[in-house]
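Structure below is final-v3.cif: mmCIF, N, CA and C atoms and all ligand atoms.
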```cif
data_data
loop_
_atom_site.label_atom_id
_atom_site.label_comp_id
_atom_site.auth_asym_id
_atom_site.auth_seq_id
_atom_site.Cartn_x
_atom_site.Cartn_y
_atom_site.Cartn_z
N MET A 976 -7.72 21.88 5.15
CA MET A 976 -6.72 21.64 4.11
C MET A 976 -7.38 21.50 2.75
N SER A 977 -7.58 22.60 2.10
CA SER A 977 -8.25 22.48 0.81
C SER A 977 -7.28 22.69 -0.34
N ALA A 978 -5.99 22.76 -0.04
CA ALA A 978 -5.01 23.02 -1.10
C ALA A 978 -5.04 21.89 -2.13
N GLU A 979 -4.86 22.25 -3.38
CA GLU A 979 -4.79 21.25 -4.44
C GLU A 979 -3.42 21.28 -5.08
N TYR A 980 -2.89 20.10 -5.35
CA TYR A 980 -1.57 19.99 -5.97
C TYR A 980 -1.65 19.05 -7.15
N THR A 981 -0.86 19.32 -8.16
CA THR A 981 -0.75 18.40 -9.29
C THR A 981 0.41 17.45 -9.04
N PHE A 982 0.52 16.40 -9.88
CA PHE A 982 1.66 15.50 -9.76
C PHE A 982 2.97 16.26 -9.91
N ALA A 983 2.95 17.27 -10.79
CA ALA A 983 4.17 18.07 -10.99
C ALA A 983 4.58 18.74 -9.68
N ASP A 984 3.62 19.24 -8.91
CA ASP A 984 3.93 19.85 -7.60
C ASP A 984 4.51 18.81 -6.66
N VAL A 985 3.86 17.64 -6.61
CA VAL A 985 4.28 16.59 -5.69
C VAL A 985 5.70 16.14 -6.01
N LYS A 986 6.01 16.07 -7.30
CA LYS A 986 7.33 15.60 -7.73
C LYS A 986 8.46 16.53 -7.30
N GLU A 987 8.12 17.76 -6.94
CA GLU A 987 9.16 18.69 -6.49
C GLU A 987 9.64 18.39 -5.08
N HIS A 988 8.96 17.45 -4.41
CA HIS A 988 9.32 17.16 -3.01
C HIS A 988 9.78 15.71 -2.90
N GLN A 989 11.01 15.48 -3.33
CA GLN A 989 11.52 14.11 -3.37
C GLN A 989 12.72 13.89 -2.47
N SER A 990 13.11 14.89 -1.71
CA SER A 990 14.29 14.70 -0.86
C SER A 990 13.85 14.13 0.48
N LYS A 991 14.80 13.60 1.22
CA LYS A 991 14.45 12.91 2.46
C LYS A 991 13.76 13.86 3.45
N LYS A 992 14.23 15.08 3.55
CA LYS A 992 13.65 16.02 4.51
C LYS A 992 12.38 16.70 3.99
N ASP A 993 12.20 16.61 2.69
CA ASP A 993 11.04 17.26 2.08
C ASP A 993 10.41 16.26 1.12
N LEU A 994 9.65 15.34 1.69
CA LEU A 994 9.21 14.17 0.94
C LEU A 994 7.68 14.11 0.90
N TRP A 995 7.14 14.33 -0.28
CA TRP A 995 5.68 14.22 -0.45
C TRP A 995 5.34 12.94 -1.17
N LEU A 996 4.19 12.37 -0.82
CA LEU A 996 3.69 11.24 -1.59
C LEU A 996 2.17 11.27 -1.61
N VAL A 997 1.59 10.47 -2.51
CA VAL A 997 0.15 10.47 -2.73
C VAL A 997 -0.42 9.12 -2.30
N VAL A 998 -1.47 9.14 -1.49
CA VAL A 998 -2.20 7.92 -1.16
C VAL A 998 -3.69 8.23 -1.38
N TYR A 999 -4.35 7.43 -2.23
CA TYR A 999 -5.75 7.67 -2.58
C TYR A 999 -6.03 9.12 -2.91
N ASP A 1000 -5.21 9.69 -3.76
CA ASP A 1000 -5.42 11.05 -4.27
C ASP A 1000 -5.40 12.13 -3.19
N LYS A 1001 -4.76 11.82 -2.07
CA LYS A 1001 -4.48 12.84 -1.07
C LYS A 1001 -2.96 13.01 -1.01
N VAL A 1002 -2.52 14.24 -0.75
CA VAL A 1002 -1.09 14.53 -0.75
C VAL A 1002 -0.60 14.62 0.70
N TYR A 1003 0.48 13.87 0.98
CA TYR A 1003 1.02 13.83 2.34
C TYR A 1003 2.48 14.27 2.35
N SER A 1004 2.84 15.00 3.38
CA SER A 1004 4.21 15.47 3.52
C SER A 1004 4.89 14.66 4.63
N CYS A 1005 5.81 13.79 4.25
CA CYS A 1005 6.32 12.77 5.18
C CYS A 1005 7.75 13.02 5.64
N GLY A 1006 8.32 14.17 5.29
CA GLY A 1006 9.72 14.45 5.64
C GLY A 1006 10.03 14.23 7.11
N GLU A 1007 9.13 14.68 7.98
CA GLU A 1007 9.40 14.56 9.42
C GLU A 1007 9.26 13.14 9.91
N PHE A 1008 8.55 12.32 9.12
CA PHE A 1008 8.23 10.97 9.56
C PHE A 1008 9.24 9.93 9.06
N VAL A 1009 10.03 10.31 8.04
CA VAL A 1009 10.91 9.34 7.38
C VAL A 1009 11.77 8.57 8.38
N ASP A 1010 12.40 9.30 9.31
CA ASP A 1010 13.29 8.64 10.29
C ASP A 1010 12.54 7.75 11.27
N GLU A 1011 11.24 8.02 11.45
CA GLU A 1011 10.46 7.26 12.43
C GLU A 1011 9.74 6.07 11.80
N HIS A 1012 9.73 5.98 10.50
CA HIS A 1012 8.95 4.94 9.83
C HIS A 1012 9.45 3.54 10.21
N PRO A 1013 8.59 2.71 10.82
CA PRO A 1013 9.03 1.36 11.22
C PRO A 1013 9.47 0.51 10.04
N GLY A 1014 8.97 0.82 8.85
CA GLY A 1014 9.37 0.08 7.65
C GLY A 1014 10.65 0.61 7.02
N GLY A 1015 11.26 1.62 7.63
CA GLY A 1015 12.53 2.14 7.12
C GLY A 1015 12.36 3.31 6.16
N GLU A 1016 13.44 4.06 6.00
CA GLU A 1016 13.36 5.26 5.15
C GLU A 1016 13.43 4.90 3.66
N GLU A 1017 14.10 3.77 3.37
CA GLU A 1017 14.31 3.38 1.97
C GLU A 1017 13.00 3.30 1.18
N VAL A 1018 12.00 2.62 1.78
CA VAL A 1018 10.75 2.40 1.05
C VAL A 1018 10.02 3.72 0.80
N LEU A 1019 10.15 4.64 1.75
CA LEU A 1019 9.50 5.95 1.55
C LEU A 1019 10.24 6.74 0.47
N MET A 1020 11.56 6.64 0.47
CA MET A 1020 12.34 7.34 -0.56
C MET A 1020 11.97 6.80 -1.95
N ASP A 1021 11.70 5.49 -2.01
CA ASP A 1021 11.35 4.86 -3.30
C ASP A 1021 10.10 5.46 -3.93
N VAL A 1022 9.16 5.88 -3.08
CA VAL A 1022 7.89 6.39 -3.61
C VAL A 1022 7.78 7.91 -3.47
N ALA A 1023 8.88 8.56 -3.11
CA ALA A 1023 8.88 10.02 -2.93
C ALA A 1023 8.41 10.72 -4.20
N GLY A 1024 7.48 11.63 -4.05
CA GLY A 1024 6.98 12.39 -5.19
C GLY A 1024 6.06 11.60 -6.11
N GLN A 1025 5.63 10.42 -5.66
CA GLN A 1025 4.80 9.56 -6.53
C GLN A 1025 3.51 9.13 -5.84
N ASP A 1026 2.70 8.37 -6.59
CA ASP A 1026 1.51 7.75 -6.01
C ASP A 1026 1.94 6.50 -5.25
N ALA A 1027 1.80 6.52 -3.92
CA ALA A 1027 2.28 5.41 -3.09
C ALA A 1027 1.13 4.54 -2.61
N THR A 1028 -0.06 4.72 -3.21
CA THR A 1028 -1.25 4.02 -2.71
C THR A 1028 -1.05 2.50 -2.66
N LEU A 1029 -0.58 1.94 -3.78
CA LEU A 1029 -0.45 0.47 -3.83
C LEU A 1029 0.63 -0.02 -2.88
N ALA A 1030 1.76 0.70 -2.83
CA ALA A 1030 2.84 0.32 -1.90
C ALA A 1030 2.32 0.35 -0.47
N PHE A 1031 1.56 1.40 -0.14
CA PHE A 1031 1.04 1.55 1.22
C PHE A 1031 0.06 0.43 1.55
N GLU A 1032 -0.83 0.12 0.61
CA GLU A 1032 -1.84 -0.92 0.85
C GLU A 1032 -1.24 -2.32 0.85
N ASP A 1033 -0.24 -2.56 0.02
CA ASP A 1033 0.39 -3.88 -0.06
C ASP A 1033 0.91 -4.35 1.28
N VAL A 1034 1.39 -3.41 2.08
CA VAL A 1034 1.98 -3.75 3.37
C VAL A 1034 0.89 -4.11 4.38
N GLY A 1035 -0.35 -3.67 4.13
CA GLY A 1035 -1.42 -3.90 5.10
C GLY A 1035 -1.20 -3.10 6.36
N HIS A 1036 -0.93 -1.82 6.19
CA HIS A 1036 -0.66 -0.94 7.33
C HIS A 1036 -1.83 -0.93 8.32
N SER A 1037 -1.51 -0.75 9.60
CA SER A 1037 -2.51 -0.75 10.68
C SER A 1037 -3.32 0.55 10.67
N ASP A 1038 -4.38 0.57 11.51
CA ASP A 1038 -5.15 1.81 11.68
C ASP A 1038 -4.27 2.92 12.24
N GLU A 1039 -3.33 2.52 13.09
CA GLU A 1039 -2.42 3.53 13.66
C GLU A 1039 -1.61 4.20 12.56
N ALA A 1040 -1.14 3.38 11.61
CA ALA A 1040 -0.38 3.94 10.48
C ALA A 1040 -1.26 4.91 9.68
N ARG A 1041 -2.54 4.56 9.53
CA ARG A 1041 -3.46 5.43 8.79
C ARG A 1041 -3.70 6.74 9.54
N GLU A 1042 -3.71 6.66 10.89
CA GLU A 1042 -3.87 7.90 11.67
C GLU A 1042 -2.65 8.81 11.51
N ILE A 1043 -1.46 8.19 11.53
CA ILE A 1043 -0.24 8.99 11.32
C ILE A 1043 -0.33 9.66 9.95
N LEU A 1044 -0.75 8.88 8.97
CA LEU A 1044 -0.87 9.40 7.61
C LEU A 1044 -1.81 10.61 7.58
N ASN A 1045 -2.95 10.51 8.27
CA ASN A 1045 -3.90 11.63 8.32
C ASN A 1045 -3.24 12.90 8.85
N GLY A 1046 -2.36 12.72 9.83
CA GLY A 1046 -1.68 13.86 10.43
C GLY A 1046 -0.68 14.53 9.49
N LEU A 1047 -0.32 13.84 8.41
CA LEU A 1047 0.69 14.37 7.49
C LEU A 1047 0.06 15.03 6.25
N LEU A 1048 -1.27 15.06 6.23
CA LEU A 1048 -2.00 15.56 5.06
C LEU A 1048 -1.69 17.03 4.77
N VAL A 1049 -1.40 17.33 3.51
CA VAL A 1049 -1.22 18.74 3.13
C VAL A 1049 -2.22 19.21 2.07
N GLY A 1050 -2.90 18.28 1.40
CA GLY A 1050 -3.87 18.70 0.40
C GLY A 1050 -4.38 17.56 -0.45
N THR A 1051 -5.04 17.91 -1.52
CA THR A 1051 -5.67 16.94 -2.42
C THR A 1051 -4.95 16.95 -3.76
N LEU A 1052 -4.87 15.79 -4.38
CA LEU A 1052 -4.23 15.71 -5.69
C LEU A 1052 -5.19 16.15 -6.79
N LYS A 1053 -4.69 16.98 -7.67
CA LYS A 1053 -5.49 17.39 -8.82
C LYS A 1053 -4.90 16.71 -10.04
N ARG A 1054 -5.61 15.73 -10.58
CA ARG A 1054 -5.08 14.98 -11.72
C ARG A 1054 -5.35 15.73 -13.02
N THR A 1055 -4.37 15.72 -13.88
CA THR A 1055 -4.59 16.27 -15.22
C THR A 1055 -4.75 15.09 -16.18
N ALA A 1056 -5.17 15.36 -17.41
CA ALA A 1056 -5.50 14.29 -18.36
C ALA A 1056 -4.35 13.33 -18.60
N SER A 1057 -3.12 13.82 -18.52
CA SER A 1057 -1.97 12.97 -18.84
C SER A 1057 -1.51 12.13 -17.65
N ASP A 1058 -2.09 12.36 -16.48
CA ASP A 1058 -1.66 11.62 -15.29
C ASP A 1058 -2.18 10.19 -15.32
N PRO A 1059 -1.53 9.28 -14.57
CA PRO A 1059 -2.06 7.92 -14.48
C PRO A 1059 -3.42 7.91 -13.80
N LYS A 1060 -4.21 6.91 -14.05
CA LYS A 1060 -5.54 6.81 -13.45
C LYS A 1060 -5.43 6.59 -11.94
N PRO A 1061 -6.42 7.10 -11.18
CA PRO A 1061 -6.38 6.89 -9.73
C PRO A 1061 -6.58 5.41 -9.38
N VAL A 1062 -6.04 5.02 -8.23
CA VAL A 1062 -6.25 3.66 -7.74
C VAL A 1062 -7.67 3.59 -7.20
N PRO A 1063 -8.47 2.60 -7.61
CA PRO A 1063 -9.83 2.53 -7.07
C PRO A 1063 -9.80 2.37 -5.56
N SER A 1064 -10.71 3.02 -4.85
CA SER A 1064 -10.61 3.02 -3.39
C SER A 1064 -11.05 1.69 -2.80
N THR A 1065 -11.10 1.63 -1.51
CA THR A 1065 -10.94 0.41 -0.70
C THR A 1065 -11.63 -0.88 -1.12
N SER A 1066 -12.46 -0.90 -2.17
CA SER A 1066 -13.10 -2.16 -2.54
C SER A 1066 -12.08 -3.21 -2.98
N SER A 1067 -10.95 -2.78 -3.52
CA SER A 1067 -10.02 -3.76 -4.09
C SER A 1067 -9.41 -4.76 -3.08
N PRO A 1068 -9.03 -4.34 -1.85
CA PRO A 1068 -8.45 -5.35 -0.95
C PRO A 1068 -9.41 -6.51 -0.68
N SER A 1069 -10.73 -6.23 -0.53
CA SER A 1069 -11.66 -7.32 -0.22
C SER A 1069 -11.81 -8.25 -1.43
N GLN A 1070 -11.76 -7.65 -2.64
CA GLN A 1070 -11.82 -8.51 -3.83
C GLN A 1070 -10.63 -9.46 -3.86
N THR A 1071 -9.47 -8.90 -3.54
CA THR A 1071 -8.26 -9.71 -3.53
C THR A 1071 -8.41 -10.84 -2.52
N GLN A 1072 -8.97 -10.49 -1.36
CA GLN A 1072 -9.12 -11.51 -0.33
C GLN A 1072 -10.03 -12.64 -0.79
N SER A 1073 -11.17 -12.29 -1.43
CA SER A 1073 -12.08 -13.35 -1.83
C SER A 1073 -11.43 -14.22 -2.92
N ASN A 1074 -10.65 -13.59 -3.80
CA ASN A 1074 -9.92 -14.37 -4.80
C ASN A 1074 -8.96 -15.35 -4.12
N ASP A 1075 -8.26 -14.85 -3.10
CA ASP A 1075 -7.33 -15.70 -2.37
C ASP A 1075 -8.06 -16.86 -1.72
N ALA A 1076 -9.23 -16.57 -1.15
CA ALA A 1076 -10.02 -17.62 -0.50
C ALA A 1076 -10.41 -18.67 -1.54
N GLY A 1077 -10.82 -18.24 -2.72
CA GLY A 1077 -11.19 -19.16 -3.80
C GLY A 1077 -10.03 -20.07 -4.15
N THR A 1078 -8.86 -19.49 -4.31
CA THR A 1078 -7.67 -20.26 -4.64
C THR A 1078 -7.37 -21.27 -3.54
N ALA A 1079 -7.53 -20.85 -2.27
CA ALA A 1079 -7.25 -21.74 -1.15
C ALA A 1079 -8.17 -22.95 -1.17
N VAL A 1080 -9.44 -22.74 -1.53
CA VAL A 1080 -10.39 -23.85 -1.59
C VAL A 1080 -9.96 -24.86 -2.66
N TYR A 1081 -9.60 -24.34 -3.85
CA TYR A 1081 -9.13 -25.23 -4.92
C TYR A 1081 -7.88 -25.99 -4.49
N ALA A 1082 -6.95 -25.27 -3.83
CA ALA A 1082 -5.70 -25.90 -3.38
C ALA A 1082 -6.01 -27.01 -2.39
N PHE A 1083 -6.97 -26.75 -1.50
CA PHE A 1083 -7.34 -27.75 -0.50
C PHE A 1083 -7.89 -29.01 -1.18
N PHE A 1084 -8.79 -28.84 -2.14
CA PHE A 1084 -9.35 -30.00 -2.82
C PHE A 1084 -8.29 -30.75 -3.61
N PHE A 1085 -7.39 -30.01 -4.22
CA PHE A 1085 -6.31 -30.64 -4.98
C PHE A 1085 -5.47 -31.53 -4.06
N VAL A 1086 -5.09 -30.97 -2.90
CA VAL A 1086 -4.28 -31.73 -1.95
C VAL A 1086 -5.08 -32.95 -1.46
N ALA A 1087 -6.37 -32.74 -1.18
CA ALA A 1087 -7.22 -33.84 -0.69
C ALA A 1087 -7.25 -34.97 -1.71
N VAL A 1088 -7.40 -34.64 -2.99
CA VAL A 1088 -7.46 -35.65 -4.04
C VAL A 1088 -6.12 -36.41 -4.13
N VAL A 1089 -5.02 -35.67 -4.07
CA VAL A 1089 -3.70 -36.31 -4.14
C VAL A 1089 -3.51 -37.28 -2.97
N VAL A 1090 -3.88 -36.81 -1.78
CA VAL A 1090 -3.72 -37.66 -0.58
C VAL A 1090 -4.61 -38.90 -0.71
N ALA A 1091 -5.85 -38.72 -1.15
CA ALA A 1091 -6.77 -39.85 -1.31
C ALA A 1091 -6.22 -40.85 -2.32
N PHE A 1092 -5.70 -40.34 -3.41
CA PHE A 1092 -5.13 -41.21 -4.45
C PHE A 1092 -3.94 -42.00 -3.88
N GLY A 1093 -3.09 -41.29 -3.11
CA GLY A 1093 -1.93 -41.94 -2.50
C GLY A 1093 -2.36 -43.05 -1.55
N ALA A 1094 -3.36 -42.75 -0.74
CA ALA A 1094 -3.86 -43.74 0.22
C ALA A 1094 -4.45 -44.93 -0.52
N TYR A 1095 -5.19 -44.67 -1.60
CA TYR A 1095 -5.80 -45.72 -2.42
C TYR A 1095 -4.71 -46.64 -2.98
N LYS A 1096 -3.63 -46.02 -3.50
CA LYS A 1096 -2.53 -46.79 -4.09
C LYS A 1096 -1.84 -47.66 -3.04
N MET A 1097 -1.74 -47.09 -1.82
CA MET A 1097 -1.00 -47.79 -0.78
C MET A 1097 -1.74 -49.05 -0.32
N TYR A 1098 -3.09 -48.90 -0.24
CA TYR A 1098 -3.86 -50.01 0.31
C TYR A 1098 -4.46 -50.92 -0.76
N ALA A 1099 -4.43 -50.50 -2.03
CA ALA A 1099 -5.08 -51.30 -3.08
C ALA A 1099 -4.18 -52.46 -3.50
C1 LIG B 1 3.48 8.17 5.00
C2 LIG B 1 3.09 6.97 4.73
C3 LIG B 1 3.34 5.84 5.69
C4 LIG B 1 3.08 5.77 7.04
C5 LIG B 1 2.44 6.84 7.93
C6 LIG B 1 3.55 4.48 7.48
C7 LIG B 1 3.47 4.02 8.78
C8 LIG B 1 3.89 2.79 9.20
C9 LIG B 1 3.71 2.25 10.53
C10 LIG B 1 3.06 3.00 11.71
C11 LIG B 1 4.22 1.01 10.54
C12 LIG B 1 4.23 0.00 11.72
C13 LIG B 1 3.26 -1.12 11.45
C14 LIG B 1 1.84 -0.64 11.33
O1 LIG B 1 1.37 0.08 12.24
O2 LIG B 1 1.18 -0.95 10.31
C15 LIG B 1 4.74 0.74 9.22
C16 LIG B 1 5.35 -0.44 8.82
C17 LIG B 1 5.80 -0.70 7.56
N1 LIG B 1 5.72 0.11 6.47
FE1 LIG B 1 4.92 1.96 6.43
N2 LIG B 1 4.07 3.79 6.42
C18 LIG B 1 3.95 4.59 5.30
C19 LIG B 1 4.30 4.31 4.02
C20 LIG B 1 4.89 3.13 3.61
C21 LIG B 1 5.22 2.81 2.24
C22 LIG B 1 4.95 3.70 1.03
C23 LIG B 1 5.79 1.60 2.25
C24 LIG B 1 6.28 0.95 1.01
C25 LIG B 1 6.42 -0.30 0.80
C26 LIG B 1 5.84 1.13 3.64
C27 LIG B 1 6.35 -0.07 4.10
C28 LIG B 1 6.29 -0.53 5.38
C29 LIG B 1 6.78 -1.82 5.81
C30 LIG B 1 7.47 -2.85 4.92
C31 LIG B 1 6.46 -1.93 7.16
C32 LIG B 1 6.71 -3.15 8.04
C33 LIG B 1 7.87 -2.98 8.93
C34 LIG B 1 8.06 -4.22 9.79
O3 LIG B 1 7.05 -4.72 10.31
O4 LIG B 1 9.21 -4.63 9.94
N3 LIG B 1 5.25 2.09 4.44
N4 LIG B 1 4.52 1.83 8.41
#
```

Just give me the structure as structure tokens.
Amino acid sequence: MSAEYTFADVKEHQSKKDLWLVVYDKVYSCGEFVDEHPGGEEVLMDVAGQDATLAFEDVGHSDEAREILNGLLVGTLKRTASDPKPVPSTSSPSQTQSNDAGTAVYAFFFVAVVVAFGAYKMYA
């Protein structure tokens, strides 16, 4: 599959039966899959003809979902200067996770301090 498509090409496929979307600069044809999507057809229709990378990653799709996606591949996205910038590839989810972990640690200490203060007040 070495075909290249621009965003303009992808945008021509926005109907339910003929639905293309972009994930990490690869073009996928999902028309046959719309009815089978466990997340429903609505969400796929929402990103029809667009870059669906963030929507796809936000859900935390399984490896099985990624395999299905591979089977729907029709080509590669060719970006032109006026197109939006590509989504940086897989490093971003781990960054998000470490940020979340950092926040959780702060939240834990905050709660610990509040509880300690409450206990101090109760017994002092
Ligand atoms: C062609 C691209 C896509 C494929 C092949 C796909 C595949 C799947 C699969 C196999 C599942 C079942 C759970 C899992 O294995 O992770 C699923 C669930 C789900 N998908 Fe997708 N998906 C695609 C695109 C999207 C997009 C763009 C969205 C937008 C938000 C989305 C939203 C969801 C949601 C919300 C669920 C959870 C359903 C539930 O657990 O009730 N999916 N998808």

Using atom C20 of ligand LIG 1 (chain B) and CA of Gly1077 (chain A) as the two end points, give the distance in Å to one decimal.
->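 For atom C20 of ligand LIG 1 (chain B) relative to CA of Gly1077 (chain A), the distance reads 28.5 Å.
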
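Candidate residues A:Ser1004, A:Gln1025, A:Ser1037, A:Ser990 were compared for distance to ligand LIG 1 (chain B), and the nearest is A:Ser1037, using only C-alpha atoms and all ligand atoms.
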
Taking only residues of chain A that have an atom at most 9 Å from an atom of ligand LIG 1 (chain B), what is each one's shortest atom pair and its distance in Å to one decimal, using only C-alpha atoms and all ligand atoms, in chain and number order, as CSV?
```
residue,atom,partner,partner_atom,distance
A:Trp995,CA,B:LIG1,C1,8.4
A:Leu996,CA,B:LIG1,C1,7.3
A:Val997,CA,B:LIG1,C1,8.7
A:Val998,CA,B:LIG1,C2,8.0
A:Tyr1003,CA,B:LIG1,C1,6.7
A:Ser1004,CA,B:LIG1,C1,7.5
A:Cys1005,CA,B:LIG1,C1,5.4
A:Gly1006,CA,B:LIG1,C1,8.9
A:Phe1008,CA,B:LIG1,C1,7.2
A:Val1009,CA,B:LIG1,C1,7.9
A:Glu1011,CA,B:LIG1,C7,8.5
A:His1012,CA,B:LIG1,C8,5.5
A:Pro1013,CA,B:LIG1,C16,4.7
A:Gly1014,CA,B:LIG1,C31,3.6
A:Gly1015,CA,B:LIG1,C28,7.0
A:Glu1016,CA,B:LIG1,C26,8.7
A:Glu1017,CA,B:LIG1,C24,8.4
A:Val1018,CA,B:LIG1,C24,4.7
A:Leu1019,CA,B:LIG1,C22,5.1
A:Met1020,CA,B:LIG1,C22,8.4
A:Asp1021,CA,B:LIG1,C24,7.7
A:Val1022,CA,B:LIG1,C22,6.1
A:Ala1023,CA,B:LIG1,C22,8.4
A:Asp1026,CA,B:LIG1,C22,8.8
A:Ala1027,CA,B:LIG1,C22,5.2
A:Thr1028,CA,B:LIG1,C22,7.2
A:Leu1029,CA,B:LIG1,C22,8.0
A:Ala1030,CA,B:LIG1,C25,4.5
A:Phe1031,CA,B:LIG1,C22,4.5
A:Glu1032,CA,B:LIG1,C21,8.1
A:Asp1033,CA,B:LIG1,C25,7.1
A:Val1034,CA,B:LIG1,C29,5.7
A:Gly1035,CA,B:LIG1,O2,6.5
A:His1036,CA,B:LIG1,O2,3.5
A:Ser1037,CA,B:LIG1,O2,3.7
A:Asp1038,CA,B:LIG1,O1,6.8
A:Glu1039,CA,B:LIG1,O1,5.3
A:Ala1040,CA,B:LIG1,C10,3.8
A:Arg1041,CA,B:LIG1,C5,6.1
A:Glu1042,CA,B:LIG1,C5,7.4
A:Ile1043,CA,B:LIG1,C5,4.8
A:Leu1044,CA,B:LIG1,C5,4.2
A:Asn1045,CA,B:LIG1,C5,8.0
A:Gly1046,CA,B:LIG1,C5,8.5
A:Leu1047,CA,B:LIG1,C1,7.2
```

Would you list, as a ChimeraX atom specification, the residues of region 981-1090 of chain A that end up in alpha helix (DSSP H) under DSSP run on this structure's backbone?
-> /A:982-986,1016-1021,1028-1033,1038-1046,1066-1090

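Atom C of Gly1024 (chain A) is found 11.8 Å from atom N of Asp993 (chain A).
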
Which value, in Å to one decimal, gives the distance between CA of Tyr980 (chain A) and CA of Glu1007 (chain A)?
->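 One can read the CA of Tyr980 (chain A) to CA of Glu1007 (chain A) distance as 19.7 Å.
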
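In this comparison, which uses only N, CA and C atoms, the residue of A:Val1002, A:Val1088, A:Val1080, A:Ala1094 approaching Lys1053 (chain A) most closely is A:Val1002.
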
Rank A:Val1049, A:Asp1010, A:Tyr1095, A:Thr1055 by their smallest atom-to-atom distance to Phe982 (chain A), using only N, CA and C atoms, and report the top residue only.
->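 That would be A:Thr1055, the residue with the smallest distance to Phe982 (chain A).
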
Name the closest residue to Asp984 (chain A) among the candidates A:Tyr1081, A:Ala1087, A:Leu1048, A:Arg1054; distances are taken between atoms, counting only C-alpha atoms.
-> A:Arg1054

Counting all atoms listed in the file, the option among A:Tyr999, A:Glu979, A:Ala1079, A:His988 closest to Val1062 (chain A) =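 Among the listed residues, the smallest separation from Val1062 (chain A) belongs to A:Tyr999.
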
If I wrap all listed atoms of region 1030-1034 of chain A in a box with edges along x, y and z and add 6 Å on each side, what are its centre and edge lengths in Å to one decimal, as AutoDock Vina command-line options?
```
--center_x 0.5 --center_y -1.4 --center_z 0.8 --size_x 16.7 --size_y 17.9 --size_z 19.2
```
